[in-house]
Amino acid sequence: MKIILALLLSFPLLSYSADKVFRLHLATEPGSLDPNKQKTSASSYLLGNMYRNIFTFDDNAGLVPDLGGKCSRDRKQILTCKLKKNLLWSDGSALTSEDFLRTYKKLLDPKTAAPRADLLFKIKNARDIYSGKTKMGALGITTPDALTLRFEFQEADPDFEYNLASFLLAPTKSDLSAYSGPYKLAEWKKGQKIILAPNKTYQGGHASRPVVEFLFIEEDTVALQLYEKNELQFLRRLPTLFIPSHKKRPDFHWIPVTRLDYVGFGPELKDREDLRKAFIYSLNYVELQKIFSSEGRPGCVGVPDNWFPTKAPCYDFDLKKLQKGLSGSTYTFMFSSLGGEDHKRATEWMQNQWMNHAGLKTHLEAKENKVYLQILQSGPPALFRKGVSPDRPTCLAALETFAPESPENYFRLKDPEYSRILSSLAKANKQAEQKKWCQAGMDFLMQRHLWIPLGGIHFSMLVKPEFTGWKINQMNQLDLSNLH
């Protein structure tokens, strides 16, 4: 990290005129610029502006046409979507429905092993194609003409239109040589930055979009120093220690996001509900909320209260619920270094709480994010800290995080009752029914003590006021199409 920082501070950052460059940062350098092969949202700010889909999502307007015009459901099992006329890739070639279909086939090809192919699994035969049981020709997606996509579903998927706002399913060229979003790749300086230039073939957006540069900076405090020196124009995460002193500044932004941040329990504690309860009820959640200047209280499910009949369920600090004689072993508590100093501080606080209130010993381990995800997939430790951005702003999307086929199901949850709840929520048409089954799903996780939810999440950001037109929605999707 010291070598990278030295390069950043010594390398001439201003490759373009200072007033025409919008500079922000990523915590890690992308391994690939293929949006269809992403496992996490770590590079979403970058890829979401290079690749676009049929819709974008706006917190107030909902799904807004982007590459597409509109979608309509002829019957519950058929969805037809129209593309805009005269769509072009950044190289000037035509972008048609066949590009979308080719991309879907790429995602479902067993040889590709796309990590988020599950977003297509409710389409007819998609799951069997991905598992190699059925040939690609049986896929329930067709292109009646160059501007039309027709989706046939095998099971109810009321949220599928939201998937069509995700860069994970965005159309790509086979060689990734062109882009569909408001920006295109201009240069990738390995170990330093990625430079994006405005894509003039993109329909919409501000006519004078500036050049955008993404620097690779792991430590939040280093990024803050560069921001204060005017070498960054957008600070994506202000460390919580600085929130009280920066909150009243005009460049401070408090962004509410729909996320599931939690501490999960691995296989070692699967059959030890007594221990899971001890870890849950020995945390003083109100104290943690004050330490981190948090809007949402830790211990509560961090999704909107209006998804439930009353409000999101919570755990409380309650030492009376602890059994005696649970101390002895030392349990590994692992987290990703991508979370920065805030995650490190929070895990150290939890470690002290568990020891002081319940005599529970933990060993903290921070791992590089790719290594961390590999460990979670192969065999999670006793405790792990995880944050999830649901693919859609719905309760079904949040609960499907722990569906059997979800790559985020690190609980290894495979319970018929939970699957029935998901099925009932997917079929619910009335809002009252949706809230009922949302409550049932979250209660399932809470009452079985499968996790420790960390409450509603707000991102604290700093943005130079001379740049306007940027937008971040509750799904933590950054839209720079109107930046100026």
# chains A, B, ... in the order shown; residues from 1 in each chain; ligands from 1
call {"tool": "residues_around", "arguments": {"residues": "Val257 of chain A", "least_positions_apart": "4", "cutoff": "6 Å", "atoms": "only C-alpha atoms", "output": "list in words"}}
result
Ile457, His458, Gln474 and Met475 of chain A
call {"tool": "write_last_selection", "arguments": {"atoms": "C-alpha atoms", "output": "compact mmCIF listing (two decimals), in the first residue's frame"}}
result
# COMPACT_ATOMS: atom_id res chain seq x y z
CA ILE A 457 -26.91 1.95 6.50
CA HIS A 458 -26.16 5.50 5.40
CA GLN A 474 -30.77 3.64 -2.59
CA MET A 475 -29.20 0.66 -4.40
call {"tool": "select_by_dssp", "arguments": {"residues": "segment 178-328 of chain A", "states": "strand (DSSP E or B)", "output": "VMD selection string"}}
result
chain A and resid 183 to 189 193 to 198 211 to 216 234 to 235 252 to 257 260 to 265 300 314
call {"tool": "write_last_selection", "arguments": {"atoms": "C-alpha atoms", "output": "compact mmCIF listing (two decimals), in the first residue's frame"}}
result
# COMPACT_ATOMS: atom_id res chain seq x y z
CA TYR A 183 -18.70 6.60 -20.55
CA LYS A 184 -16.09 4.51 -22.36
CA LEU A 185 -12.62 3.34 -21.44
CA ALA A 186 -9.91 5.83 -22.46
CA GLU A 187 -6.92 4.41 -20.59
CA TRP A 188 -6.09 1.91 -17.85
CA LYS A 189 -2.83 2.65 -16.06
CA LYS A 193 -6.05 4.61 -12.32
CA ILE A 194 -8.67 4.09 -15.00
CA ILE A 195 -9.61 7.05 -17.20
CA LEU A 196 -13.06 7.26 -18.77
CA ALA A 197 -14.05 9.55 -21.63
CA PRO A 198 -17.62 10.56 -22.51
CA VAL A 211 -13.58 13.16 -18.17
CA VAL A 212 -13.75 10.81 -15.16
CA GLU A 213 -10.78 9.20 -13.42
CA PHE A 214 -10.93 6.33 -10.91
CA LEU A 215 -7.88 6.05 -8.65
CA PHE A 216 -7.14 2.89 -6.66
CA PHE A 234 -15.71 12.66 -4.89
CA LEU A 235 -15.00 10.84 -1.61
CA PHE A 252 -21.18 16.54 2.98
CA HIS A 253 -23.83 14.10 1.74
CA TRP A 254 -25.68 11.53 3.86
CA ILE A 255 -26.96 8.83 1.48
CA PRO A 256 -29.46 6.20 2.74
CA VAL A 257 -28.95 2.85 1.02
CA LEU A 260 -28.11 -6.10 4.42
CA ASP A 261 -25.04 -5.70 6.61
CA TYR A 262 -24.69 -8.44 9.20
CA VAL A 263 -22.49 -10.76 11.21
CA GLY A 264 -23.11 -14.34 10.13
CA PHE A 265 -22.42 -17.68 11.78
CA CYS A 300 -32.19 -4.27 13.57
CA CYS A 314 -34.60 -6.10 16.04
call {"tool": "select_by_dssp", "arguments": {"residues": "segment 47-130 of chain A", "states": "helix (DSSP H, G or I)", "output": "number ranges by chain"}}
result
A: 47-50, 97-108, 117-120, 126-130
call {"tool": "write_last_selection", "arguments": {"atoms": "C-alpha atoms", "output": "mmCIF file, in the first residue's frame"}}
result
data_model
loop_
_atom_site.group_PDB
_atom_site.id
_atom_site.type_symbol
_atom_site.label_atom_id
_atom_site.label_comp_id
_atom_site.auth_asym_id
_atom_site.auth_seq_id
_atom_site.Cartn_x
_atom_site.Cartn_y
_atom_site.Cartn_z
ATOM 1 C CA LEU A 47 -18.858 -0.474 -14.598
ATOM 2 C CA GLY A 48 -22.329 0.970 -14.058
ATOM 3 C CA ASN A 49 -21.305 4.005 -16.104
ATOM 4 C CA MET A 50 -19.596 2.013 -18.866
ATOM 5 C CA SER A 97 -31.760 -7.257 -29.087
ATOM 6 C CA GLU A 98 -29.333 -9.911 -30.367
ATOM 7 C CA ASP A 99 -26.602 -8.327 -28.253
ATOM 8 C CA PHE A 100 -28.747 -8.806 -25.174
ATOM 9 C CA LEU A 101 -29.576 -12.411 -26.069
ATOM 10 C CA ARG A 102 -25.931 -13.245 -26.762
ATOM 11 C CA THR A 103 -25.031 -11.843 -23.356
ATOM 12 C CA TYR A 104 -27.707 -13.906 -21.588
ATOM 13 C CA LYS A 105 -26.379 -17.033 -23.279
ATOM 14 C CA LYS A 106 -22.871 -16.112 -22.184
ATOM 15 C CA LEU A 107 -24.056 -15.774 -18.579
ATOM 16 C CA LEU A 108 -25.816 -19.140 -18.639
ATOM 17 C CA ALA A 117 -26.312 -16.143 -13.555
ATOM 18 C CA ASP A 118 -28.908 -16.746 -10.834
ATOM 19 C CA LEU A 119 -30.518 -13.439 -11.850
ATOM 20 C CA LEU A 120 -31.835 -15.327 -14.906
ATOM 21 C CA ALA A 126 -32.277 -21.164 -17.588
ATOM 22 C CA ARG A 127 -31.352 -23.044 -14.421
ATOM 23 C CA ASP A 128 -31.057 -26.376 -16.278
ATOM 24 C CA ILE A 129 -28.936 -24.773 -19.011
ATOM 25 C CA TYR A 130 -26.543 -23.362 -16.407
#
call {"tool": "atom_distance", "arguments": {"atom1": "atom CA of Tyr285 of chain A", "atom2": "atom CA of Arg412 of chain A"}}
result
26.3 Å
call {"tool": "closest_residue", "arguments": {"among": "A:Asp305, A:Glu341, A:Glu348, A:Asp251", "to": "Val222 of chain A", "atoms": "only C-alpha atoms"}}
result
A:Glu341
call {"tool": "residues_around", "arguments": {"residues": "Lys200 of chain A", "least_positions_apart": "3", "cutoff": "9 Å", "atoms": "only C-alpha atoms", "output": "list of chain:residue names"}}
result
A:Ser90, A:Pro182, A:Tyr183, A:Gln203, A:Ala207
call {"tool": "write_last_selection", "arguments": {"atoms": "C-alpha atoms", "output": "tab-separated table (two decimals), in the first residue's frame"}}
result
chain	number	residue	atom	x	y	z
A	90	SER	CA	-19.41	3.37	-28.40
A	182	PRO	CA	-22.44	7.27	-20.86
A	183	TYR	CA	-18.70	6.60	-20.55
A	203	GLN	CA	-28.56	8.53	-25.96
A	207	ALA	CA	-23.86	17.09	-23.45
call {"tool": "residues_around", "arguments": {"residues": "Phe160 of chain A", "least_positions_apart": "3", "cutoff": "9 Å", "atoms": "only C-alpha atoms", "output": "list in words"}}
result
Leu119, Leu120, Lys122, Asp157, Asn163, Leu164 and Arg392 of chain A
call {"tool": "write_last_selection", "arguments": {"atoms": "N, CA and C atoms", "output": "mmCIF file, in the first residue's frame"}}
result
data_model
loop_
_atom_site.group_PDB
_atom_site.id
_atom_site.type_symbol
_atom_site.label_atom_id
_atom_site.label_comp_id
_atom_site.auth_asym_id
_atom_site.auth_seq_id
_atom_site.Cartn_x
_atom_site.Cartn_y
_atom_site.Cartn_z
ATOM 1 N N LEU A 119 -29.553 -14.492 -11.535
ATOM 2 C CA LEU A 119 -30.518 -13.439 -11.850
ATOM 3 C C LEU A 119 -31.435 -13.832 -13.007
ATOM 4 N N LEU A 120 -31.042 -14.862 -13.759
ATOM 5 C CA LEU A 120 -31.835 -15.327 -14.906
ATOM 6 C C LEU A 120 -32.515 -16.672 -14.627
ATOM 7 N N LYS A 122 -35.089 -17.818 -13.130
ATOM 8 C CA LYS A 122 -36.540 -18.030 -13.180
ATOM 9 C C LYS A 122 -37.088 -17.993 -14.602
ATOM 10 N N ASP A 157 -41.732 -14.396 -11.112
ATOM 11 C CA ASP A 157 -40.604 -13.501 -10.858
ATOM 12 C C ASP A 157 -41.078 -12.053 -11.000
ATOM 13 N N ASN A 163 -34.023 -6.443 -12.468
ATOM 14 C CA ASN A 163 -32.768 -7.027 -12.948
ATOM 15 C C ASN A 163 -32.306 -6.352 -14.231
ATOM 16 N N LEU A 164 -33.264 -5.824 -14.975
ATOM 17 C CA LEU A 164 -32.949 -5.174 -16.242
ATOM 18 C C LEU A 164 -32.458 -3.736 -16.044
ATOM 19 N N ARG A 392 -32.393 -5.716 -6.195
ATOM 20 C CA ARG A 392 -33.591 -4.908 -6.439
ATOM 21 C C ARG A 392 -34.049 -4.298 -5.122
#
call {"tool": "closest_atom_pairs", "arguments": {"of": "segment 387-411 of chain A", "to": "segment 355-377 of chain A", "cutoff": "9 Å", "atoms": "only C-alpha atoms", "output": "tab-separated table"}}
result
residue	atom	partner	partner_atom	distance
A:Pro407	CA	A:Gln377	CA	8.0
A:Glu408	CA	A:Gln377	CA	8.5
A:Asn409	CA	A:Gln377	CA	8.8
A:Tyr410	CA	A:Leu376	CA	6.3
call {"tool": "atom_distance", "arguments": {"atom1": "atom CA of Tyr202 of chain A", "atom2": "atom CA of Leu480 of chain A"}}
result
12.3 Å
call {"tool": "closest_residue", "arguments": {"among": "A:Arg448, A:Phe153, A:Pro309, A:Gly469", "to": "Arg272 of chain A", "atoms": "only C-alpha atoms"}}
result
A:Arg448
call {"tool": "atom_distance", "arguments": {"atom1": "atom CA of Leu413 of chain A", "atom2": "atom CA of Pro304 of chain A"}}
result
23.6 Å
call {"tool": "residues_around", "arguments": {"residues": "Gly266 of chain A", "least_positions_apart": "3", "cutoff": "9 Å", "atoms": "only C-alpha atoms", "output": "PDB file with N, CA and C atoms, in the first residue's frame"}}
result
ATOM      1  N   LEU A 269     -20.786 -23.143  14.195  1.00  0.00           N
ATOM      2  CA  LEU A 269     -21.831 -22.777  15.157  1.00  0.00           C
ATOM      3  C   LEU A 269     -23.222 -23.168  14.678  1.00  0.00           C
ATOM      4  N   LYS A 270     -23.304 -23.941  13.602  1.00  0.00           N
ATOM      5  CA  LYS A 270     -24.597 -24.308  13.025  1.00  0.00           C
ATOM      6  C   LYS A 270     -25.514 -24.999  14.023  1.00  0.00           C
ATOM      7  N   LEU A 376     -15.307 -17.652   2.303  1.00  0.00           N
ATOM      8  CA  LEU A 376     -16.736 -17.761   2.591  1.00  0.00           C
ATOM      9  C   LEU A 376     -17.394 -18.827   1.721  1.00  0.00           C
ATOM     10  N   GLY A 379     -15.667 -22.462   2.949  1.00  0.00           N
ATOM     11  CA  GLY A 379     -15.947 -22.855   4.323  1.00  0.00           C
ATOM     12  C   GLY A 379     -15.859 -21.677   5.258  1.00  0.00           C
ATOM     13  N   PRO A 380     -16.981 -21.021   5.565  1.00  0.00           N
ATOM     14  CA  PRO A 380     -16.963 -19.827   6.405  1.00  0.00           C
ATOM     15  C   PRO A 380     -16.431 -20.117   7.813  1.00  0.00           C
ATOM     16  N   PRO A 381     -15.771 -19.126   8.425  1.00  0.00           N
ATOM     17  CA  PRO A 381     -15.327 -19.276   9.814  1.00  0.00           C
ATOM     18  C   PRO A 381     -16.516 -19.222  10.767  1.00  0.00           C
ATOM     19  N   ALA A 382     -16.249 -19.310  12.049  1.00  0.00           N
ATOM     20  CA  ALA A 382     -17.333 -19.301  13.040  1.00  0.00           C
ATOM     21  C   ALA A 382     -18.171 -18.038  12.947  1.00  0.00           C
ATOM     22  N   LEU A 383     -17.522 -16.881  12.773  1.00  0.00           N
ATOM     23  CA  LEU A 383     -18.226 -15.600  12.614  1.00  0.00           C
ATOM     24  C   LEU A 383     -17.608 -14.831  11.458  1.00  0.00           C
ATOM     25  N   PHE A 384     -18.436 -14.137  10.715  1.00  0.00           N
ATOM     26  CA  PHE A 384     -17.938 -13.330   9.602  1.00  0.00           C
ATOM     27  C   PHE A 384     -18.825 -12.112   9.408  1.00  0.00           C
ATOM     28  N   TYR A 410     -24.111 -17.719   2.486  1.00  0.00           N
ATOM     29  CA  TYR A 410     -22.998 -18.275   3.239  1.00  0.00           C
ATOM     30  C   TYR A 410     -23.462 -18.976   4.514  1.00  0.00           C
ATOM     31  N   PHE A 411     -24.769 -18.843   4.863  1.00  0.00           N
ATOM     32  CA  PHE A 411     -25.323 -19.610   5.975  1.00  0.00           C
ATOM     33  C   PHE A 411     -25.456 -21.090   5.606  1.00  0.00           C
ATOM     34  N   ARG A 412     -25.397 -21.355   4.277  1.00  0.00           N
ATOM     35  CA  ARG A 412     -25.707 -22.692   3.759  1.00  0.00           C
ATOM     36  C   ARG A 412     -27.147 -23.061   4.135  1.00  0.00           C
TER      37      ARG A 412
END
call {"tool": "decode", "arguments": {"residues": "segment 212-223 of chain A", "atoms": "N, CA and C atoms", "output": "PDB file, in the first residue's frame"}}
result
ATOM      1  N   VAL A 212     -13.674  11.380 -16.512  1.00  0.00           N
ATOM      2  CA  VAL A 212     -13.748  10.805 -15.165  1.00  0.00           C
ATOM      3  C   VAL A 212     -12.538   9.914 -14.941  1.00  0.00           C
ATOM      4  N   GLU A 213     -11.915  10.056 -13.776  1.00  0.00           N
ATOM      5  CA  GLU A 213     -10.782   9.205 -13.417  1.00  0.00           C
ATOM      6  C   GLU A 213     -11.085   8.459 -12.122  1.00  0.00           C
ATOM      7  N   PHE A 214     -10.812   7.154 -12.111  1.00  0.00           N
ATOM      8  CA  PHE A 214     -10.925   6.334 -10.913  1.00  0.00           C
ATOM      9  C   PHE A 214      -9.514   5.964 -10.436  1.00  0.00           C
ATOM     10  N   LEU A 215      -9.146   6.443  -9.260  1.00  0.00           N
ATOM     11  CA  LEU A 215      -7.877   6.054  -8.651  1.00  0.00           C
ATOM     12  C   LEU A 215      -8.099   4.823  -7.770  1.00  0.00           C
ATOM     13  N   PHE A 216      -7.045   4.076  -7.494  1.00  0.00           N
ATOM     14  CA  PHE A 216      -7.141   2.890  -6.659  1.00  0.00           C
ATOM     15  C   PHE A 216      -6.509   3.199  -5.305  1.00  0.00           C
ATOM     16  N   ILE A 217      -7.343   3.391  -4.299  1.00  0.00           N
ATOM     17  CA  ILE A 217      -6.884   3.791  -2.965  1.00  0.00           C
ATOM     18  C   ILE A 217      -7.578   2.912  -1.938  1.00  0.00           C
ATOM     19  N   GLU A 218      -6.797   2.147  -1.236  1.00  0.00           N
ATOM     20  CA  GLU A 218      -7.358   1.185  -0.285  1.00  0.00           C
ATOM     21  C   GLU A 218      -7.823   1.843   1.006  1.00  0.00           C
ATOM     22  N   GLU A 219      -7.043   2.779   1.525  1.00  0.00           N
ATOM     23  CA  GLU A 219      -7.321   3.332   2.843  1.00  0.00           C
ATOM     24  C   GLU A 219      -8.173   4.601   2.749  1.00  0.00           C
ATOM     25  N   ASP A 220      -9.275   4.639   3.532  1.00  0.00           N
ATOM     26  CA  ASP A 220     -10.192   5.775   3.503  1.00  0.00           C
ATOM     27  C   ASP A 220      -9.520   7.065   3.959  1.00  0.00           C
ATOM     28  N   THR A 221      -8.644   6.975   4.935  1.00  0.00           N
ATOM     29  CA  THR A 221      -7.995   8.194   5.426  1.00  0.00           C
ATOM     30  C   THR A 221      -7.064   8.792   4.372  1.00  0.00           C
ATOM     31  N   VAL A 222      -6.423   7.950   3.572  1.00  0.00           N
ATOM     32  CA  VAL A 222      -5.590   8.442   2.471  1.00  0.00           C
ATOM     33  C   VAL A 222      -6.455   9.147   1.436  1.00  0.00           C
ATOM     34  N   ALA A 223      -7.601   8.534   1.111  1.00  0.00           N
ATOM     35  CA  ALA A 223      -8.526   9.155   0.155  1.00  0.00           C
ATOM     36  C   ALA A 223      -9.004  10.505   0.666  1.00  0.00           C
TER      37      ALA A 223
END
